[in-house]
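Following: one structure in structure tokens, then a few remarks.
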Amino acid sequence: MPQKVLVLGAGLVVKPLVAYLDRHGYEVTLGSRGLEKAQKVVEGTKAKSVKIDVEQKEDLAVLEKHIKEVDLVISMLPWLLHTTAAKMAIGNGKHFLTTSYLSAAMKEMDAEAKEKGLIMINECGVDPGTDHMSASRVMDAHKAKGGKITSFTSFCGGLPAPANNNNPFGYKFSWAPRGVLLAAKNAAKYYEGGDLKDVPSEDLWSVAKKMDVKGFSKPFEGVPNRDSTQYKEIYNLPDIKTLLRGTFRYAGWADILLSLVKLDMLDLTEGEIDMTYNQMMLKQAGGEGDAKEAVSKKVGHPVDGEVIAAMTWLGLFTDEKVQAKTRLDSVCELMKMKNEMEYATGEKDMIVMKHTYEVEYPDRTEYLSTQLVDYGLDDGTTSMSRTVGLPVAIAARLVLEGKIALTGIQIPIVSEIYNPILDELAKENIIFEDNVDKVVKK
């Protein structure tokens with residue numbers, strides 16, 4: 001009798017997850033509040049779809065019924081909804097996996113999961129997920145040989161493939177632009193050269209750095225992502241001096257975002273914006289006369305330069321009336337109207353990830369790197385969906401096969417989890433390349 005898996009959520013990254021488990025003989029049920037959406041995801045597989053809305057009290061009995069019928073639950077729901085499903089899964093003696101960051105609410109279930117011999121794997125997608133796995137594999141190997149990790153950086157980005165990078169922002173949205181712009185307002189904290197760097201949100205894009213990735217003629221931009229300092233303990237790096245996790249973007253994105261921040265265009269204060277985009281830009285620049293001239297002076301970029309050109313292309317200097325209630329949403333509305341900021345049929349995305357390490361030995365310092373460059377497939381399957389969905393699908397298979405015997409709360413930073421997942425991903429042609437870039441003798 002085949003083992004059974006309940007997958008919750010039918011978002012853009014779920015199809016490869018369902019297809020993988022189905023291909024390996026598992027009986028999969030996909031639960032989603034949108035039944036039609038779930039039905040499309042399971043097309044071409046033996047998986048079945050059911051309507052389950054975790055946010056509706058009347059659906060909780062349906063959720064529990066399906067949880068009782070399976071061996072393992074995978075939640076691909078928004079992170080705030082994981083707790084409801086996780087409590088029900090652990091309460092009914094089922095393993096629980098997700099790709100989202102480990103939350104405080106999840107940690108509270110650790111003791112019960114261990115007592116019942118269950119595992120709860122979190123952060124098992126791409127970022128977080130395979131970033132942990134690929135880095136831990138390298139760092140653990142050097143720690144075992146007596147090496148001291150003194151520097152570690154990790155950057156990842158989901159971007160249009162170069163051939164489909166056809167707009168001035170160098171970015172395309174798979175879902176609503178609002179989430180990306182909200183993330184652009186985050187502060188960041190990291191270690192650099194032994195110093196703690198605490199970057200407020202308004203300065204975030206000013207610290208972006210150019211970063212080379214093998215196989216690309218032009219550098220990417222890397223910007224810090226929230227609090228990297230916590231990974232000193234998570235990764236067990238007592239000797240670390242530089243520790244930075246961040247996000248990749250194509251060059252030019254940072255200047256545009258920093259300019260929008262200088263104009264306070266990412267503000268979330270609600271109110272009637274009774275003016276055109278051109279008038280709003282002039283007002284935000286605090287100038288008179290020509291809006292482009294005023295904005296150019298405010299943000300420090302020439303009128304005929306790339307930043308003003310990108311703003312013009314987006315429509316920020318038009319006489320169209322602003323319909324949104326906040327300035328951030330006014331930018332979102334323009335982005336949603338630009339076809340070039342969405343993936344057209346036949347266009348491909350890519351995932352670019354790069355780690356760098358400095359490892360101290362008594363007689364030498366080794367400078368290392370790991371990188372992943374993965375592209376969407378010809379059949380329209382995105383790289384984002386494969387790199388997020390496959391790791392957690394593989395983890396589920398390993399748990400059900402008894403190859404991961406750990407219990408309680410886990411993230412994939414232990415070899416029992418990361419080695420088999422990375423090995424299986426390589427069979428799916430998602431391959432991390434480890435390099436020794438330089439060795440300096442002492």
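For the structure tokens, the naming scheme is as follows: chains receive sequential letters (A, B, ...) according to their order of presentation, residues are indexed from 1 within each chain, and ligands are indexed from 1 in presentation order.
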Find the spatial neighbours of stretch 151-155 of chain A, counting only C-alpha atoms, within a cut-off of 8 Å - ignore same-chain residues fewer than 6 positions away - and output them as a PyMOL selection string. chain A and resi 131+222+240-248+353-359
Those same residues, written as a PDB file, in the first residue's frame with N, CA, C and O atoms?
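File out-v3.pdb, as written:
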ATOM      1  N   ASP A 131      20.497  26.801   0.291  1.00  0.00           N
ATOM      2  CA  ASP A 131      21.591  27.687   0.698  1.00  0.00           C
ATOM      3  C   ASP A 131      22.245  27.147   1.968  1.00  0.00           C
ATOM      4  O   ASP A 131      23.469  27.058   2.060  1.00  0.00           O
ATOM      5  N   GLY A 222      24.705  42.695  -4.901  1.00  0.00           N
ATOM      6  CA  GLY A 222      24.316  41.956  -3.707  1.00  0.00           C
ATOM      7  C   GLY A 222      23.955  42.921  -2.601  1.00  0.00           C
ATOM      8  O   GLY A 222      24.723  43.847  -2.303  1.00  0.00           O
ATOM      9  N   ILE A 240      34.196  33.509  13.225  1.00  0.00           N
ATOM     10  CA  ILE A 240      33.773  34.294  12.072  1.00  0.00           C
ATOM     11  C   ILE A 240      34.027  35.794  12.277  1.00  0.00           C
ATOM     12  O   ILE A 240      33.814  36.329  13.364  1.00  0.00           O
ATOM     13  N   LYS A 241      34.512  36.431  11.233  1.00  0.00           N
ATOM     14  CA  LYS A 241      34.720  37.887  11.251  1.00  0.00           C
ATOM     15  C   LYS A 241      33.810  38.594  10.253  1.00  0.00           C
ATOM     16  O   LYS A 241      33.366  39.712  10.481  1.00  0.00           O
ATOM     17  N   THR A 242      33.574  37.932   9.112  1.00  0.00           N
ATOM     18  CA  THR A 242      32.638  38.453   8.118  1.00  0.00           C
ATOM     19  C   THR A 242      31.541  37.419   7.909  1.00  0.00           C
ATOM     20  O   THR A 242      31.822  36.254   7.610  1.00  0.00           O
ATOM     21  N   LEU A 243      30.299  37.839   8.110  1.00  0.00           N
ATOM     22  CA  LEU A 243      29.159  36.942   7.980  1.00  0.00           C
ATOM     23  C   LEU A 243      28.001  37.734   7.385  1.00  0.00           C
ATOM     24  O   LEU A 243      27.440  38.633   8.021  1.00  0.00           O
ATOM     25  N   LEU A 244      27.659  37.400   6.151  1.00  0.00           N
ATOM     26  CA  LEU A 244      26.685  38.207   5.423  1.00  0.00           C
ATOM     27  C   LEU A 244      25.862  37.331   4.487  1.00  0.00           C
ATOM     28  O   LEU A 244      26.411  36.623   3.646  1.00  0.00           O
ATOM     29  N   ARG A 245      24.550  37.376   4.665  1.00  0.00           N
ATOM     30  CA  ARG A 245      23.617  36.725   3.746  1.00  0.00           C
ATOM     31  C   ARG A 245      22.820  37.813   3.034  1.00  0.00           C
ATOM     32  O   ARG A 245      22.426  38.814   3.648  1.00  0.00           O
ATOM     33  N   GLY A 246      22.595  37.628   1.736  1.00  0.00           N
ATOM     34  CA  GLY A 246      21.927  38.699   1.013  1.00  0.00           C
ATOM     35  C   GLY A 246      21.218  38.232  -0.249  1.00  0.00           C
ATOM     36  O   GLY A 246      21.080  37.032  -0.512  1.00  0.00           O
ATOM     37  N   THR A 247      20.783  39.213  -1.024  1.00  0.00           N
ATOM     38  CA  THR A 247      19.971  38.987  -2.217  1.00  0.00           C
ATOM     39  C   THR A 247      20.689  39.501  -3.452  1.00  0.00           C
ATOM     40  O   THR A 247      21.284  40.587  -3.423  1.00  0.00           O
ATOM     41  N   PHE A 248      20.627  38.736  -4.531  1.00  0.00           N
ATOM     42  CA  PHE A 248      21.184  39.152  -5.818  1.00  0.00           C
ATOM     43  C   PHE A 248      20.131  39.878  -6.654  1.00  0.00           C
ATOM     44  O   PHE A 248      18.960  39.467  -6.710  1.00  0.00           O
ATOM     45  N   MET A 353      22.894  31.557  -7.117  1.00  0.00           N
ATOM     46  CA  MET A 353      23.321  31.514  -5.717  1.00  0.00           C
ATOM     47  C   MET A 353      24.834  31.416  -5.672  1.00  0.00           C
ATOM     48  O   MET A 353      25.436  30.694  -6.472  1.00  0.00           O
ATOM     49  N   LYS A 354      25.438  32.156  -4.763  1.00  0.00           N
ATOM     50  CA  LYS A 354      26.889  32.067  -4.597  1.00  0.00           C
ATOM     51  C   LYS A 354      27.266  32.252  -3.130  1.00  0.00           C
ATOM     52  O   LYS A 354      26.802  33.179  -2.471  1.00  0.00           O
ATOM     53  N   HIS A 355      28.081  31.330  -2.632  1.00  0.00           N
ATOM     54  CA  HIS A 355      28.692  31.460  -1.309  1.00  0.00           C
ATOM     55  C   HIS A 355      30.189  31.717  -1.490  1.00  0.00           C
ATOM     56  O   HIS A 355      30.802  31.197  -2.424  1.00  0.00           O
ATOM     57  N   THR A 356      30.761  32.476  -0.574  1.00  0.00           N
ATOM     58  CA  THR A 356      32.226  32.575  -0.491  1.00  0.00           C
ATOM     59  C   THR A 356      32.646  32.253   0.938  1.00  0.00           C
ATOM     60  O   THR A 356      31.909  32.527   1.895  1.00  0.00           O
ATOM     61  N   TYR A 357      33.825  31.655   1.066  1.00  0.00           N
ATOM     62  CA  TYR A 357      34.348  31.258   2.382  1.00  0.00           C
ATOM     63  C   TYR A 357      35.835  31.603   2.467  1.00  0.00           C
ATOM     64  O   TYR A 357      36.552  31.527   1.467  1.00  0.00           O
ATOM     65  N   GLU A 358      36.268  31.964   3.646  1.00  0.00           N
ATOM     66  CA  GLU A 358      37.699  32.033   3.950  1.00  0.00           C
ATOM     67  C   GLU A 358      37.935  31.079   5.120  1.00  0.00           C
ATOM     68  O   GLU A 358      37.268  31.186   6.161  1.00  0.00           O
ATOM     69  N   VAL A 359      38.862  30.147   4.919  1.00  0.00           N
ATOM     70  CA  VAL A 359      39.121  29.117   5.921  1.00  0.00           C
ATOM     71  C   VAL A 359      40.594  29.177   6.331  1.00  0.00           C
ATOM     72  O   VAL A 359      41.485  29.047   5.491  1.00  0.00           O
TER      73      VAL A 359
END
Between atom CA of A:Gly408 and atom CA of A:Ala111 - distance in Å to one decimal: 6.8 Å
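With only C-alpha atoms as the atoms that count, the minimum distance from A:Cys156 to the choices A:Pro128, A:Pro420, A:Gly402, A:Gly300 is reached by A:Pro128.
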Counting only C-alpha atoms, give me one row per residue of stretch 21-43 of chain A with an atom at most 12 Å from an atom of stretch 76-80 of chain A, showing the shortest contact pair and its distance in Å to one decimal, sorted by chain then residue number, as a Markdown table.
| residue | atom | partner | partner_atom | distance |
| --- | --- | --- | --- | --- |
| A:Leu30 | CA | A:Met76 | CA | 10.3 |
| A:Gly31 | CA | A:Leu77 | CA | 10.0 |
| A:Ser32 | CA | A:Leu77 | CA | 8.8 |
| A:Arg33 | CA | A:Leu77 | CA | 10.3 |
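Atom CA of A:Asn278 sits 8.7 Å away from atom CA of A:Gly315.
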Hey, what's within 8 Å of A:Lys48 if we count only C-alpha atoms and toss same-chain stuff fewer than 3 positions away? As a list in words, please? Val28, Thr29, Leu30, Gln39 and Val42 of chain A
Write the residues you've just listed into a file as a CSV table (one decimal), in the first residue's frame, and include C-alpha atoms for each of them.
chain,number,residue,atom,x,y,z
A,28,VAL,CA,-0.6,12.7,-2.9
A,29,THR,CA,-3.6,14.8,-1.9
A,30,LEU,CA,-3.3,18.6,-2.7
A,39,GLN,CA,-6.8,20.8,-10.1
A,42,VAL,CA,-2.2,17.9,-10.3
Nearest to A:Glu306 by atom-to-atom distance, counting only C-alpha atoms, from A:Ile234, A:Leu406, A:Gly170, A:Thr370: A:Gly170
Across A:Ile149, A:Ile273, A:Ala188, A:Ala310, the smallest distance to A:Asp329, with only C-alpha atoms counted, is shown by A:Ile273
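Between atom CA of A:Met280 and atom CA of A:His301 the separation is 18.5 Å.
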So that I can see what lies close to stretch 132-139 of chain A, please list as a list of chain:residue names the residues with an atom at most 6 Å from it, counting only C-alpha atoms and leaving out residues fewer than 4 positions away in the same chain. A:Pro412, A:Ile413, A:Tyr418
Limited to all heavy atoms, could you put the picked residues into a file as a PDB file, in the first residue's frame?
ATOM      1  N   PRO A 412      17.840  22.193   7.564  1.00  0.00           N
ATOM      2  CA  PRO A 412      18.776  21.295   6.861  1.00  0.00           C
ATOM      3  C   PRO A 412      20.244  21.704   6.937  1.00  0.00           C
ATOM      4  O   PRO A 412      20.889  21.983   5.932  1.00  0.00           O
ATOM      5  CB  PRO A 412      18.253  21.327   5.430  1.00  0.00           C
ATOM      6  CG  PRO A 412      17.636  22.674   5.290  1.00  0.00           C
ATOM      7  CD  PRO A 412      17.024  22.980   6.619  1.00  0.00           C
ATOM      8  N   ILE A 413      20.766  21.708   8.172  1.00  0.00           N
ATOM      9  CA  ILE A 413      22.181  22.046   8.355  1.00  0.00           C
ATOM     10  C   ILE A 413      22.962  20.873   8.934  1.00  0.00           C
ATOM     11  O   ILE A 413      24.099  21.041   9.354  1.00  0.00           O
ATOM     12  CB  ILE A 413      22.343  23.286   9.273  1.00  0.00           C
ATOM     13  CG1 ILE A 413      21.679  23.050  10.628  1.00  0.00           C
ATOM     14  CG2 ILE A 413      21.788  24.536   8.591  1.00  0.00           C
ATOM     15  CD1 ILE A 413      21.980  24.146  11.650  1.00  0.00           C
ATOM     16  N   TYR A 418      21.218  17.162   4.689  1.00  0.00           N
ATOM     17  CA  TYR A 418      21.671  17.852   3.479  1.00  0.00           C
ATOM     18  C   TYR A 418      22.359  16.955   2.458  1.00  0.00           C
ATOM     19  O   TYR A 418      22.208  17.176   1.243  1.00  0.00           O
ATOM     20  CB  TYR A 418      22.509  19.086   3.806  1.00  0.00           C
ATOM     21  CG  TYR A 418      23.842  18.898   4.495  1.00  0.00           C
ATOM     22  CD1 TYR A 418      24.918  18.273   3.876  1.00  0.00           C
ATOM     23  CD2 TYR A 418      24.060  19.425   5.772  1.00  0.00           C
ATOM     24  CE1 TYR A 418      26.151  18.142   4.501  1.00  0.00           C
ATOM     25  CE2 TYR A 418      25.290  19.307   6.409  1.00  0.00           C
ATOM     26  CZ  TYR A 418      26.335  18.670   5.777  1.00  0.00           C
ATOM     27  OH  TYR A 418      27.561  18.557   6.385  1.00  0.00           O
TER      28      TYR A 418
END
